[in-house]
file model-v4.txt (compact mmCIF, C-alpha atoms)
# COMPACT_ATOMS: atom_id res chain seq x y z
CA MET J 938 -45.48 -133.15 37.58
CA LYS J 939 -47.47 -133.49 40.80
CA SER J 940 -48.74 -130.25 42.31
CA PHE J 941 -47.36 -128.99 45.59
CA ASN J 942 -49.59 -129.84 48.52
CA PRO J 943 -48.86 -127.40 51.40
CA GLY J 944 -51.16 -129.21 53.85
CA LEU J 945 -49.30 -132.47 53.36
CA HIS J 946 -45.93 -130.82 53.82
CA LEU J 947 -47.14 -129.10 56.99
CA LYS J 948 -48.03 -132.57 58.29
CA TYR J 949 -44.58 -133.82 57.38
CA ILE J 950 -42.95 -130.86 59.13
CA GLY J 951 -45.07 -131.53 62.22
CA VAL J 952 -44.02 -135.19 62.28
CA LEU J 953 -40.43 -134.17 61.63
CA VAL J 954 -40.40 -131.79 64.61
CA LEU J 955 -41.90 -134.51 66.83
CA LEU J 956 -39.28 -137.02 65.67
CA VAL J 957 -36.44 -134.56 66.25
CA LEU J 958 -37.75 -133.79 69.75
CA ALA J 959 -38.03 -137.53 70.44
CA GLN J 960 -34.49 -137.94 69.14
CA ARG J 961 -33.33 -135.30 71.62
CA PHE J 962 -35.35 -136.25 74.69
CA PHE J 963 -36.38 -139.89 74.31
CA VAL J 964 -33.55 -141.62 72.44
CA PRO J 965 -30.86 -140.87 75.11
CA PHE J 966 -32.84 -143.10 77.51
CA ILE J 967 -32.73 -146.10 75.17
CA THR J 968 -29.22 -145.65 73.80
CA ILE J 969 -26.95 -148.63 74.41
CA ARG J 970 -23.21 -147.86 74.43
CA ASP J 971 -23.69 -144.78 72.24
CA ALA J 972 -25.71 -146.71 69.67
CA GLY J 973 -29.24 -145.44 69.28
CA PRO J 974 -31.90 -145.18 66.58
CA GLN J 975 -32.04 -142.24 64.19
CA LEU J 976 -35.74 -141.44 64.24
CA PRO J 977 -35.72 -138.63 61.61
CA ILE J 978 -34.37 -141.16 59.09
CA LEU J 979 -37.68 -143.03 59.28
CA LEU J 980 -39.50 -139.99 57.87
CA VAL J 981 -36.76 -139.06 55.40
CA VAL J 982 -36.86 -142.56 53.86
CA PHE J 983 -40.66 -142.49 53.74
CA ILE J 984 -40.53 -139.14 51.91
CA ALA J 985 -37.87 -140.50 49.56
CA LEU J 986 -40.10 -143.44 48.63
CA ARG J 987 -43.23 -141.33 48.22
CA HIS J 988 -41.91 -138.10 46.73
CA GLY J 989 -38.42 -138.65 45.37
CA GLN J 990 -34.88 -137.48 45.75
CA ILE J 991 -35.24 -133.70 45.91
CA GLN J 992 -37.82 -133.80 48.69
CA SER J 993 -35.88 -136.36 50.71
CA THR J 994 -32.71 -134.27 50.38
CA VAL J 995 -34.53 -131.15 51.57
CA TYR J 996 -36.21 -132.96 54.48
CA GLY J 997 -32.92 -134.66 55.34
CA PHE J 998 -31.20 -131.29 55.58
CA THR J 999 -34.05 -129.80 57.63
CA ALA J 1000 -34.13 -132.75 60.04
CA GLY J 1001 -30.35 -132.69 60.43
CA LEU J 1002 -30.25 -128.96 61.04
CA LEU J 1003 -33.03 -129.14 63.65
CA THR J 1004 -31.21 -131.99 65.40
CA ASP J 1005 -27.97 -130.01 65.36
CA ILE J 1006 -29.68 -126.98 66.84
CA LEU J 1007 -31.33 -128.96 69.62
CA THR J 1008 -28.16 -130.79 70.52
CA VAL J 1009 -24.91 -128.99 71.18
CA ASP J 1010 -22.72 -130.79 68.71
CA THR J 1011 -21.05 -128.84 65.94
CA ILE J 1012 -23.82 -127.29 63.91
CA GLY J 1013 -23.98 -128.62 60.33
CA ILE J 1014 -22.62 -132.14 60.91
CA GLY J 1015 -26.01 -133.76 61.35
CA ALA J 1016 -27.40 -131.60 58.52
CA LEU J 1017 -24.69 -132.78 56.14
CA ALA J 1018 -25.04 -136.45 57.10
CA LEU J 1019 -28.84 -136.43 56.82
CA THR J 1020 -28.74 -134.45 53.55
CA LEU J 1021 -26.53 -137.11 52.00
CA ALA J 1022 -28.59 -139.91 53.55
CA GLY J 1023 -31.80 -138.36 52.17
CA PHE J 1024 -30.22 -137.96 48.75
CA MET J 1025 -29.10 -141.58 48.77
CA ALA J 1026 -32.51 -142.82 49.91
CA GLY J 1027 -34.02 -140.90 46.97
CA TYR J 1028 -32.35 -143.32 44.54
CA PHE J 1029 -34.89 -145.93 45.64
CA PHE J 1030 -37.84 -143.80 44.54
CA ASP J 1031 -39.99 -145.75 42.13
CA PRO J 1032 -43.08 -143.93 40.77
CA GLU J 1033 -44.74 -147.29 40.15
CA ARG J 1034 -44.48 -148.32 43.80
CA ILE J 1035 -45.41 -145.13 45.66
CA ASP J 1036 -48.36 -146.75 47.43
CA GLU J 1037 -46.15 -149.54 48.73
CA ALA J 1038 -43.87 -147.13 50.57
CA LEU J 1039 -44.67 -148.53 54.00
CA ARG J 1040 -46.25 -151.85 53.16
CA THR J 1041 -43.29 -153.99 52.24
CA GLY J 1042 -39.91 -155.01 53.59
CA ARG J 1043 -38.45 -152.61 51.04
CA TYR J 1044 -38.93 -149.72 53.46
CA VAL J 1045 -37.06 -151.60 56.20
CA ALA J 1046 -34.25 -152.49 53.79
CA ILE J 1047 -33.84 -148.88 52.65
CA VAL J 1048 -33.92 -147.61 56.25
CA THR J 1049 -31.12 -150.10 56.98
CA ILE J 1050 -28.96 -148.86 54.10
CA THR J 1051 -29.68 -145.20 54.86
CA ALA J 1052 -29.05 -145.60 58.59
CA VAL J 1053 -25.71 -147.32 57.97
CA LEU J 1054 -24.72 -144.57 55.54
CA PHE J 1055 -25.83 -141.85 57.95
CA ASN J 1056 -23.89 -143.37 60.84
CA LEU J 1057 -20.76 -143.82 58.74
CA LEU J 1058 -20.94 -140.24 57.47
CA TYR J 1059 -21.59 -138.95 60.96
CA ILE J 1060 -18.67 -140.83 62.45
CA PHE J 1061 -16.27 -139.80 59.69
CA THR J 1062 -17.39 -136.17 59.69
CA PHE J 1063 -17.11 -135.99 63.44
CA PHE J 1064 -13.82 -137.74 63.60
CA ARG J 1065 -11.99 -135.63 61.00
CA THR J 1066 -8.91 -137.73 61.68
CA LEU J 1067 -8.86 -141.49 61.97
CA ASN J 1068 -7.32 -143.37 64.84
CA GLU J 1069 -7.23 -146.92 66.15
CA ASN J 1070 -10.75 -146.72 67.58
CA THR J 1071 -12.43 -146.17 64.23
CA ALA J 1072 -13.15 -149.81 63.42
CA GLU J 1073 -14.69 -150.41 66.80
CA LEU J 1074 -16.75 -147.22 66.48
CA LEU J 1075 -17.97 -148.16 63.03
CA LEU J 1076 -19.12 -151.51 64.30
CA ARG J 1077 -20.60 -150.33 67.56
CA ILE J 1078 -22.22 -147.06 66.52
CA GLY J 1079 -22.45 -147.49 62.75
CA MET J 1080 -23.92 -150.96 62.71
CA GLY J 1081 -25.43 -150.96 66.20
CA GLY J 1082 -27.27 -147.70 65.54
CA ALA J 1083 -28.47 -148.97 62.16
CA VAL J 1084 -29.87 -152.14 63.72
CA TYR J 1085 -31.65 -150.00 66.27
CA SER J 1086 -33.16 -147.81 63.50
CA VAL J 1087 -34.28 -150.94 61.68
CA VAL J 1088 -36.13 -152.14 64.77
CA PHE J 1089 -38.05 -148.87 64.79
CA SER J 1090 -38.71 -149.08 61.04
CA ILE J 1091 -40.22 -152.55 61.55
CA ILE J 1092 -42.49 -151.09 64.22
CA VAL J 1093 -43.52 -148.35 61.75
CA VAL J 1094 -44.26 -150.94 59.05
CA LEU J 1095 -46.27 -153.08 61.47
CA ILE J 1096 -48.31 -150.09 62.59
CA ALA J 1097 -48.74 -148.93 58.98
CA SER J 1098 -49.89 -152.37 57.85
CA ARG J 1099 -52.84 -152.02 60.22
CA THR J 1100 -53.63 -148.37 59.68
CA VAL J 1101 -52.35 -147.21 56.28
CA SER J 1102 -55.42 -148.38 54.45
CA LYS J 1103 -57.47 -145.93 56.51
CA ILE J 1104 -55.13 -143.00 55.90
CA LYS J 1105 -54.99 -140.98 52.71
CA VAL J 1106 -51.47 -139.56 52.51
CA MET R 1452 -29.96 -119.77 28.42
CA GLU R 1453 -32.26 -122.58 27.41
CA THR R 1454 -29.34 -124.98 27.51
CA LEU R 1455 -28.56 -123.84 31.04
CA ILE R 1456 -32.16 -124.38 32.10
CA ARG R 1457 -32.12 -127.83 30.48
CA ILE R 1458 -28.91 -128.71 32.31
CA PHE R 1459 -30.41 -127.46 35.57
CA ARG R 1460 -33.58 -129.50 35.06
CA HIS R 1461 -31.62 -132.59 34.17
CA PHE R 1462 -29.30 -132.37 37.15
CA ARG R 1463 -31.61 -130.60 39.61
CA GLU R 1464 -31.27 -133.32 42.27
CA TYR R 1465 -27.51 -132.78 42.23
CA PHE R 1466 -27.88 -129.01 42.42
CA VAL R 1467 -30.13 -129.40 45.47
CA LEU R 1468 -27.60 -131.76 47.05
CA VAL R 1469 -24.68 -129.40 46.38
CA LEU R 1470 -26.67 -126.45 47.75
CA PHE R 1471 -27.58 -128.12 51.05
CA ALA R 1472 -24.23 -129.84 51.47
CA GLY R 1473 -22.63 -126.43 50.87
CA ILE R 1474 -24.83 -124.80 53.52
CA SER R 1475 -23.90 -127.62 55.93
CA PHE R 1476 -20.17 -127.13 55.31
CA PHE R 1477 -20.61 -123.38 55.75
CA LEU R 1478 -22.35 -123.95 59.09
CA ILE R 1479 -19.64 -126.37 60.23
CA SER R 1480 -16.98 -123.80 59.42
CA ARG R 1481 -18.90 -121.07 61.26
CA SER R 1482 -19.86 -123.10 64.33
CA ASP R 1483 -18.34 -120.48 66.64
CA SER R 1484 -20.02 -117.48 65.04
CA THR R 1485 -22.30 -115.07 66.89
CA LEU R 1486 -25.34 -116.25 64.94
CA VAL R 1487 -24.76 -119.89 65.93
CA HIS R 1488 -24.31 -118.82 69.56
CA LEU R 1489 -27.59 -116.91 69.35
CA ILE R 1490 -29.41 -119.94 67.88
CA ARG R 1491 -27.94 -122.15 70.60
CA THR R 1492 -29.02 -119.75 73.34
CA VAL R 1493 -32.60 -119.67 72.05
CA SER R 1494 -32.63 -123.47 71.67
CA LEU R 1495 -31.20 -123.84 75.17
CA ALA R 1496 -33.96 -121.68 76.64
CA ALA R 1497 -36.55 -123.88 74.92
CA THR R 1498 -35.04 -127.29 75.67
CA GLY R 1499 -34.11 -126.28 79.22
CA SER R 1500 -37.79 -125.61 79.91
CA LEU R 1501 -38.67 -129.06 78.57
CA TYR R 1502 -36.10 -130.66 80.86
CA SER R 1503 -37.45 -128.71 83.83
CA LEU R 1504 -40.97 -129.81 82.94
CA ALA R 1505 -39.89 -133.45 82.89
CA GLU R 1506 -38.09 -132.98 86.20
CA ASN R 1507 -41.16 -131.43 87.83
CA LEU R 1508 -43.20 -134.48 86.88
CA ASN R 1509 -40.75 -136.61 88.84
CA PRO R 1510 -42.17 -137.58 92.30
CA SER R 1511 -38.81 -137.00 93.92
CA TYR R 1512 -39.31 -133.28 93.24
CA ILE R 1513 -41.21 -132.94 96.54
CA LEU R 1514 -38.13 -133.93 98.49
CA ARG R 1515 -35.99 -131.33 96.81
CA GLY R 1516 -36.59 -128.54 99.34
CA LYS R 1517 -34.84 -130.48 102.08
CA ASP R 1518 -32.21 -131.56 99.63
CA GLN R 1519 -31.54 -127.96 98.61
CA ALA R 1520 -30.72 -126.96 102.23
CA MET R 1521 -28.24 -129.83 102.46
CA ARG R 1522 -26.71 -128.83 99.15
CA ASN R 1523 -26.21 -125.27 100.36
CA ALA R 1524 -24.39 -126.57 103.41
CA ASN R 1525 -22.35 -128.71 101.08
CA ILE R 1526 -21.27 -125.66 99.08
CA ARG R 1527 -19.84 -124.02 102.20
CA LEU R 1528 -18.00 -127.22 103.11
CA MET R 1529 -16.72 -127.58 99.57
CA GLU R 1530 -15.29 -124.07 99.64
CA GLU R 1531 -13.54 -124.86 102.90
CA ILE R 1532 -12.13 -128.13 101.52
CA MET R 1533 -10.83 -126.38 98.44
CA GLU R 1534 -9.23 -123.67 100.54
CA LEU R 1535 -7.58 -126.28 102.77
CA ARG R 1536 -6.33 -128.23 99.78
CA GLN R 1537 -4.79 -125.14 98.32
CA LEU R 1538 -3.13 -124.23 101.62
CA LYS R 1539 -1.71 -127.73 101.99
CA TYR R 1540 -0.08 -127.67 98.61
CA GLU R 1541 1.19 -124.16 99.11
CA ASN R 1542 2.93 -125.27 102.29
CA THR R 1543 4.33 -128.39 100.67
CA ARG R 1544 5.86 -126.45 97.83
CA LEU R 1545 7.21 -123.74 100.10
CA ARG R 1546 5.42 -121.21 98.05
CA LYS R 1547 5.42 -118.86 101.00
CA LEU R 1548 8.96 -118.01 99.89
CA LEU R 1549 7.60 -116.63 96.67
CA GLU R 1550 5.46 -113.63 96.18
CA PHE R 1551 2.26 -115.60 95.98
CA ARG R 1552 -0.69 -113.60 95.02
CA ALA R 1553 -3.86 -115.30 96.11
CA SER R 1554 -6.55 -115.29 93.53
CA ALA R 1555 -9.59 -113.18 94.30
CA PRO R 1556 -12.24 -115.22 96.08
CA SER R 1557 -14.96 -116.15 93.63
CA THR R 1558 -18.51 -117.15 94.29
CA LEU R 1559 -19.84 -120.60 93.60
CA VAL R 1560 -23.29 -120.85 92.11
CA PRO R 1561 -25.11 -124.15 92.75
CA ALA R 1562 -26.91 -125.64 89.76
CA GLU R 1563 -29.01 -128.72 89.28
CA VAL R 1564 -28.10 -131.02 86.41
CA ILE R 1565 -31.33 -131.28 84.45
CA GLY R 1566 -30.10 -132.99 81.31
CA GLN R 1567 -27.22 -134.77 79.74
CA ARG R 1568 -26.37 -135.08 76.07
CA ARG R 1569 -23.93 -137.89 75.46
CA THR R 1570 -22.47 -139.26 72.24
CA ALA R 1571 -19.35 -141.27 71.55
CA PHE R 1572 -17.40 -138.04 71.10
CA THR R 1573 -19.08 -135.45 73.26
CA ASN R 1574 -20.68 -135.08 76.64
CA TYR R 1575 -22.67 -132.04 77.67
CA LEU R 1576 -24.77 -131.23 80.71
CA THR R 1577 -27.74 -128.91 80.87
CA ILE R 1578 -27.82 -127.10 84.20
CA SER R 1579 -30.44 -124.94 85.87
CA THR R 1580 -28.57 -121.70 86.15
CA GLY R 1581 -27.79 -119.00 83.64
CA LYS R 1582 -27.05 -115.38 82.93
CA SER R 1583 -29.61 -114.19 85.50
CA GLU R 1584 -27.25 -115.54 88.20
CA GLY R 1585 -24.15 -114.12 86.61
CA VAL R 1586 -23.13 -117.26 84.74
CA SER R 1587 -21.35 -116.73 81.41
CA PRO R 1588 -19.68 -118.96 78.82
CA GLY R 1589 -16.12 -119.87 79.82
CA MET R 1590 -16.76 -120.18 83.55
CA PRO R 1591 -15.43 -123.32 85.25
CA VAL R 1592 -17.86 -125.91 86.58
CA LEU R 1593 -16.77 -128.06 89.48
CA LEU R 1594 -17.66 -130.23 92.41
CA GLU R 1595 -16.04 -130.89 95.75
CA ASN R 1596 -14.35 -133.91 94.18
CA GLY R 1597 -13.00 -132.22 91.09
CA LEU R 1598 -13.34 -130.29 87.88
CA VAL R 1599 -16.45 -131.06 85.82
CA GLY R 1600 -15.99 -128.81 82.77
CA LYS R 1601 -16.79 -125.32 81.59
CA VAL R 1602 -19.89 -123.38 80.60
CA GLN R 1603 -20.24 -123.47 76.83
CA TYR R 1604 -23.52 -121.60 76.31
CA ALA R 1605 -25.75 -119.70 78.71
CA SER R 1606 -29.30 -118.45 78.39
CA ASN R 1607 -31.08 -116.51 81.12
CA THR R 1608 -32.00 -119.54 83.23
CA TYR R 1609 -30.06 -122.46 81.76
CA SER R 1610 -26.53 -123.27 80.70
CA ILE R 1611 -24.80 -125.97 78.71
CA VAL R 1612 -21.64 -127.38 80.25
CA GLN R 1613 -18.93 -128.97 78.14
CA THR R 1614 -17.59 -131.69 80.41
CA LEU R 1615 -14.10 -133.19 80.66
CA PHE R 1616 -15.46 -136.15 78.70
CA ASN R 1617 -15.49 -134.31 75.43
CA ARG R 1618 -13.16 -134.66 72.49
CA ASP R 1619 -12.90 -130.90 72.10
CA PHE R 1620 -12.12 -130.28 75.75
CA ARG R 1621 -8.54 -129.47 76.77
CA VAL R 1622 -7.21 -128.17 80.05
CA SER R 1623 -3.68 -127.35 81.05
CA ALA R 1624 -2.79 -129.55 84.03
CA ILE R 1625 0.05 -130.15 86.45
CA VAL R 1626 1.29 -133.10 88.50
CA LYS R 1627 1.17 -131.75 92.04
CA ARG R 1628 4.18 -133.66 93.36
CA SER R 1629 6.71 -133.17 90.58
CA ARG R 1630 5.28 -130.01 88.92
CA VAL R 1631 5.30 -131.73 85.54
CA LYS R 1632 2.90 -130.02 83.16
CA GLY R 1633 0.70 -131.54 80.49
CA ILE R 1634 -2.68 -131.31 78.85
CA ILE R 1635 -5.72 -133.19 80.05
CA ARG R 1636 -7.95 -134.54 77.30
CA TRP R 1637 -10.40 -137.35 76.77
CA GLU R 1638 -10.45 -140.08 74.16
CA LYS R 1639 -12.99 -142.63 75.36
CA GLY R 1640 -14.26 -144.52 78.39
CA ASP R 1641 -14.21 -143.40 82.00
CA TYR R 1642 -10.62 -142.17 82.13
CA LEU R 1643 -8.78 -139.05 80.98
CA LEU R 1644 -5.35 -138.75 79.41
CA LEU R 1645 -2.54 -136.47 80.50
CA SER R 1646 -0.82 -135.80 77.17
CA ASN R 1647 2.29 -133.90 76.05
CA VAL R 1648 4.35 -135.34 78.91
CA LEU R 1649 7.81 -136.55 77.92
CA LYS R 1650 8.79 -140.12 78.71
CA THR R 1651 11.55 -138.91 80.98
CA ALA R 1652 9.17 -136.82 83.13
CA ASP R 1653 8.61 -137.76 86.74
CA VAL R 1654 5.04 -139.07 86.91
CA ALA R 1655 3.97 -141.99 89.10
CA ILE R 1656 0.79 -143.91 89.79
CA GLY R 1657 -1.20 -142.17 92.52
CA ASP R 1658 0.00 -138.65 91.64
CA THR R 1659 -2.57 -135.90 91.95
CA ILE R 1660 -3.41 -133.88 88.87
CA THR R 1661 -4.80 -130.35 89.15
CA THR R 1662 -5.33 -127.42 86.81
CA SER R 1663 -2.18 -125.41 86.19
CA SER R 1664 -1.57 -121.69 86.09
CA PHE R 1665 -0.99 -122.01 82.32
CA SER R 1666 -4.72 -122.11 81.68
CA THR R 1667 -6.42 -118.86 80.74
CA ILE R 1668 -9.84 -120.36 81.48
CA PHE R 1669 -9.45 -122.35 84.69
CA PRO R 1670 -7.98 -121.06 87.92
CA PRO R 1671 -4.97 -123.08 89.16
CA ASP R 1672 -5.15 -125.89 91.74
CA ILE R 1673 -8.57 -127.29 90.93
CA PHE R 1674 -8.42 -131.03 91.47
CA ILE R 1675 -8.87 -133.05 88.27
CA GLY R 1676 -7.98 -136.62 89.17
CA THR R 1677 -5.37 -139.21 90.09
CA VAL R 1678 -2.86 -141.03 87.87
CA VAL R 1679 -3.80 -144.70 87.52
CA SER R 1680 -1.34 -145.84 84.88
CA VAL R 1681 1.81 -144.64 83.13
CA GLY R 1682 2.75 -146.23 79.82
CA THR R 1683 4.55 -145.39 76.61
CA GLY R 1684 2.68 -143.49 73.93
CA PRO R 1685 2.51 -144.64 70.29
CA THR R 1686 5.46 -142.47 69.21
CA GLY R 1687 7.67 -143.60 72.08
CA VAL R 1688 8.59 -139.99 72.90
CA PHE R 1689 5.68 -139.16 75.17
CA ASN R 1690 4.12 -141.02 78.05
CA ARG R 1691 0.57 -142.30 77.90
CA ILE R 1692 -0.73 -141.32 81.31
CA THR R 1693 -4.22 -142.37 82.32
CA VAL R 1694 -6.00 -140.27 84.92
CA LYS R 1695 -9.03 -141.28 86.93
CA PRO R 1696 -11.17 -138.16 87.25
CA GLY R 1697 -12.41 -137.11 90.66
CA MET R 1698 -15.96 -136.60 89.51
CA ASN R 1699 -18.30 -139.31 88.35
CA LEU R 1700 -20.37 -138.08 85.43
CA GLY R 1701 -22.97 -140.82 85.84
CA THR R 1702 -23.98 -139.72 89.32
CA LEU R 1703 -23.95 -135.95 88.87
CA GLU R 1704 -27.05 -134.24 90.20
CA TRP R 1705 -25.67 -130.89 91.26
CA VAL R 1706 -22.64 -128.91 90.19
CA PHE R 1707 -21.18 -125.53 91.05
CA VAL R 1708 -20.31 -122.81 88.60
CA ARG R 1709 -17.38 -120.71 89.70
CA ARG R 1710 -18.11 -117.13 88.76
CA SER R 1711 -14.67 -116.32 87.49
CA LEU R 1712 -13.96 -115.43 83.92
CA PRO R 1713 -10.73 -115.89 82.00
CA ASN R 1714 -8.21 -113.12 82.50
CA SER R 1715 -8.97 -111.13 79.35
CA GLU R 1716 -5.86 -108.95 79.59
CA ARG R 1717 -3.61 -112.01 79.69
CA LYS R 1718 -5.57 -113.74 76.94
CA ASP R 1719 -5.38 -110.69 74.66
CA LEU R 1720 -1.63 -110.52 75.17
CA GLU R 1721 -1.19 -114.24 74.38
CA ASP R 1722 -3.46 -113.94 71.33
CA LEU R 1723 -1.34 -111.02 70.12
CA LEU R 1724 1.77 -113.19 70.36
CA GLU R 1725 0.03 -115.92 68.38
CA THR R 1726 -1.08 -113.44 65.68
CA GLN R 1727 2.45 -112.13 65.34
CA ALA R 1728 3.82 -115.68 65.07
CA LEU R 1729 1.52 -116.25 62.09
call {"tool": "encode", "arguments": {"input": "model-v4.txt", "output": "structure tokens"}}
result
Amino acid sequence: MKSFNPGLHLKYIGVLVLLVLAQRFFVPFITIRDAGPQLPILLVVFIALRHGQIQSTVYGFTAGLLTDILTVDTIGIGALALTLAGFMAGYFFDPERIDEALRTGRYVAIVTITAVLFNLLYIFTFFRTLNENTAELLLRIGMGGAVYSVVFSIIVVLIASRTVSKIKV
Amino acid sequence: METLIRIFRHFREYFVLVLFAGISFFLISRSDSTLVHLIRTVSLAATGSLYSLAENLNPSYILRGKDQAMRNANIRLMEEIMELRQLKYENTRLRKLLEFRASAPSTLVPAEVIGQRRTAFTNYLTISTGKSEGVSPGMPVLLENGLVGKVQYASNTYSIVQTLFNRDFRVSAIVKRSRVKGIIRWEKGDYLLLSNVLKTADVAIGDTITTSSFSTIFPPDIFIGTVVSVGTGPTGVFNRITVKPGMNLGTLEWVFVRRSLPNSERKDLEDLLETQAL
């Protein structure tokens, strides 16, 4: 079992707080018809690929809770959706491929799946009851938001491909 | 014991999931608790400052002094317009024949809109006024051209306003001409719905919708919007009435908080009735 590295987790928490703040203050400016990227998912998936399911579940919950607190939506909805998304992303953890976490299209693919799942969970949890608008919402926010997150994940991969070799995570 | 530890180790991912999902469900169920309100208030104080900081970096900030004077004049005019509107309707309805008790004059507090949080289901504004100016949760927020929403949370210097464009927002409303009552709510888009109105009720395109005296939160006769379409609802029993709101959320820069709180005595009495019914 790998030993706990507090310094590394402090870095993660720092990045997480920045991403949640960006989600609150930056994302509203680039949202198109309610569909916007889910920036905390980028970190949660990265943690899932590097550290496994438990860590990604914990970070998913933390990110969701922070987002809920900063926004004024019902507290707990984002936490639940990101907890489940983090747990699901953890299934893709492969101890043999830890170093490839950000270097391949695998990261982008897992962000896609996780973002779709998160958006679906979020819509269904928020909705509580279904009505005729659900299909349109799923397509517009569920898929639209996921595509948006994927765009950001590609940017992360492109940046990482240039810099990751210089960084010891 | 060892077996239990083995089971825990084997399924620890699932235990972690159940734990955090459980906490999330608990928080969802307690979203109106005092603790959540406290967390929100602290978060509001922090995020409100960030919004203000961003606003101050805006070059248009320099012009605000002049703008503020004009806004103050606007408040006085708005109060006069509202008073005139109320008088007009009172005359029309011959309410002078009744023992009409005018509501106590309340003070309007101007507030700058410094942030907006918008999702497919909710729409909140962050405004630059709070408890230090006597603003409390539950107070109505309005403009000269209609109701905007109500204060949901308030810190010392900032408040969060739940607007009409929010799935959880409901306000008891009345059709001015025919006195038909219904409930204003929002589903999607730029229009509101007047629900719970029977198909046989007298509602026509162009009718004015205002708050009704049934509301324990909003004072009566605040303009909400105008009827733009009347159709049949999915059940066939109720009308589907679309209302164009007076205010335009996209262009809001300033709003006014009306320092009037719900009538607690009336609310307590109505709550008692509800408790007894259960």
call {"tool": "closest_atom_pairs", "arguments": {"input": "model-v4.txt", "of": "chain R", "to": "chain J", "cutoff": "7 Å", "atoms": "all atoms listed in the file", "output": "tab-separated table"}}
result
residue	atom	partner	partner_atom	distance
R:Glu1464	CA	J:Ile991	CA	5.4
R:Val1467	CA	J:Ile991	CA	6.7
R:Leu1468	CA	J:Thr994	CA	6.6
R:Phe1471	CA	J:Phe998	CA	6.6
R:Ala1472	CA	J:Leu1017	CA	5.5
R:Ser1475	CA	J:Gly1013	CA	4.5
R:Phe1476	CA	J:Gly1013	CA	6.5
R:Leu1478	CA	J:Gly1013	CA	5.1
R:Ile1479	CA	J:Gly1013	CA	4.9
R:Ser1482	CA	J:Ile1012	CA	5.8
R:Arg1491	CA	J:Ile1006	CA	6.4
R:Ser1494	CA	J:Leu1007	CA	6.0
R:Thr1570	CA	J:Asp971	CA	5.7
R:Ala1571	CA	J:Asp971	CA	5.6
call {"tool": "atom_distance", "arguments": {"input": "model-v4.txt", "atom1": "atom CA of R:Lys1632", "atom2": "atom CA of R:Val1592"}}
result
21.4 Å
call {"tool": "atom_distance", "arguments": {"input": "model-v4.txt", "atom1": "atom CA of R:Gly1676", "atom2": "atom CA of R:Met1698"}}
result
8.0 Å
call {"tool": "atom_distance", "arguments": {"input": "model-v4.txt", "atom1": "atom CA of R:Arg1527", "atom2": "atom CA of R:Leu1559"}}
result
9.3 Å
call {"tool": "residues_near_point", "arguments": {"input": "model-v4.txt", "point": "(-24.1, -126.7, 92.6)", "cutoff": "9 Å", "atoms": "all atoms listed in the file", "output": "CSV table (one decimal) with C-alpha atoms, in the coordinates of the input"}}
result
chain,number,residue,atom,x,y,z
R,1522,ARG,CA,-26.7,-128.8,99.2
R,1523,ASN,CA,-26.2,-125.3,100.4
R,1525,ASN,CA,-22.4,-128.7,101.1
R,1526,ILE,CA,-21.3,-125.7,99.1
R,1559,LEU,CA,-19.8,-120.6,93.6
R,1560,VAL,CA,-23.3,-120.8,92.1
R,1561,PRO,CA,-25.1,-124.2,92.8
R,1562,ALA,CA,-26.9,-125.6,89.8
R,1563,GLU,CA,-29.0,-128.7,89.3
R,1564,VAL,CA,-28.1,-131.0,86.4
R,1592,VAL,CA,-17.9,-125.9,86.6
R,1593,LEU,CA,-16.8,-128.1,89.5
R,1594,LEU,CA,-17.7,-130.2,92.4
R,1704,GLU,CA,-27.0,-134.2,90.2
R,1705,TRP,CA,-25.7,-130.9,91.3
R,1706,VAL,CA,-22.6,-128.9,90.2
R,1707,PHE,CA,-21.2,-125.5,91.0
R,1708,VAL,CA,-20.3,-122.8,88.6
call {"tool": "residues_near_point", "arguments": {"input": "model-v4.txt", "point": "(-7.4, -129.8, 88.6)", "cutoff": "8 Å", "atoms": "all atoms listed in the file", "output": "list of chain:residue names"}}
result
R:Gly1597, R:Leu1598, R:Ala1624, R:Ile1625, R:Ile1660, R:Thr1661, R:Thr1662, R:Ser1663, R:Pro1671, R:Asp1672, R:Ile1673, R:Phe1674, R:Ile1675, R:Gly1676
call {"tool": "residues_around", "arguments": {"input": "model-v4.txt", "residues": "J:Ala1046", "least_positions_apart": "5", "cutoff": "10 Å", "atoms": "all atoms listed in the file", "output": "ChimeraX atom specification"}}
result
/J:1041,1051-1052,1087,1090-1091
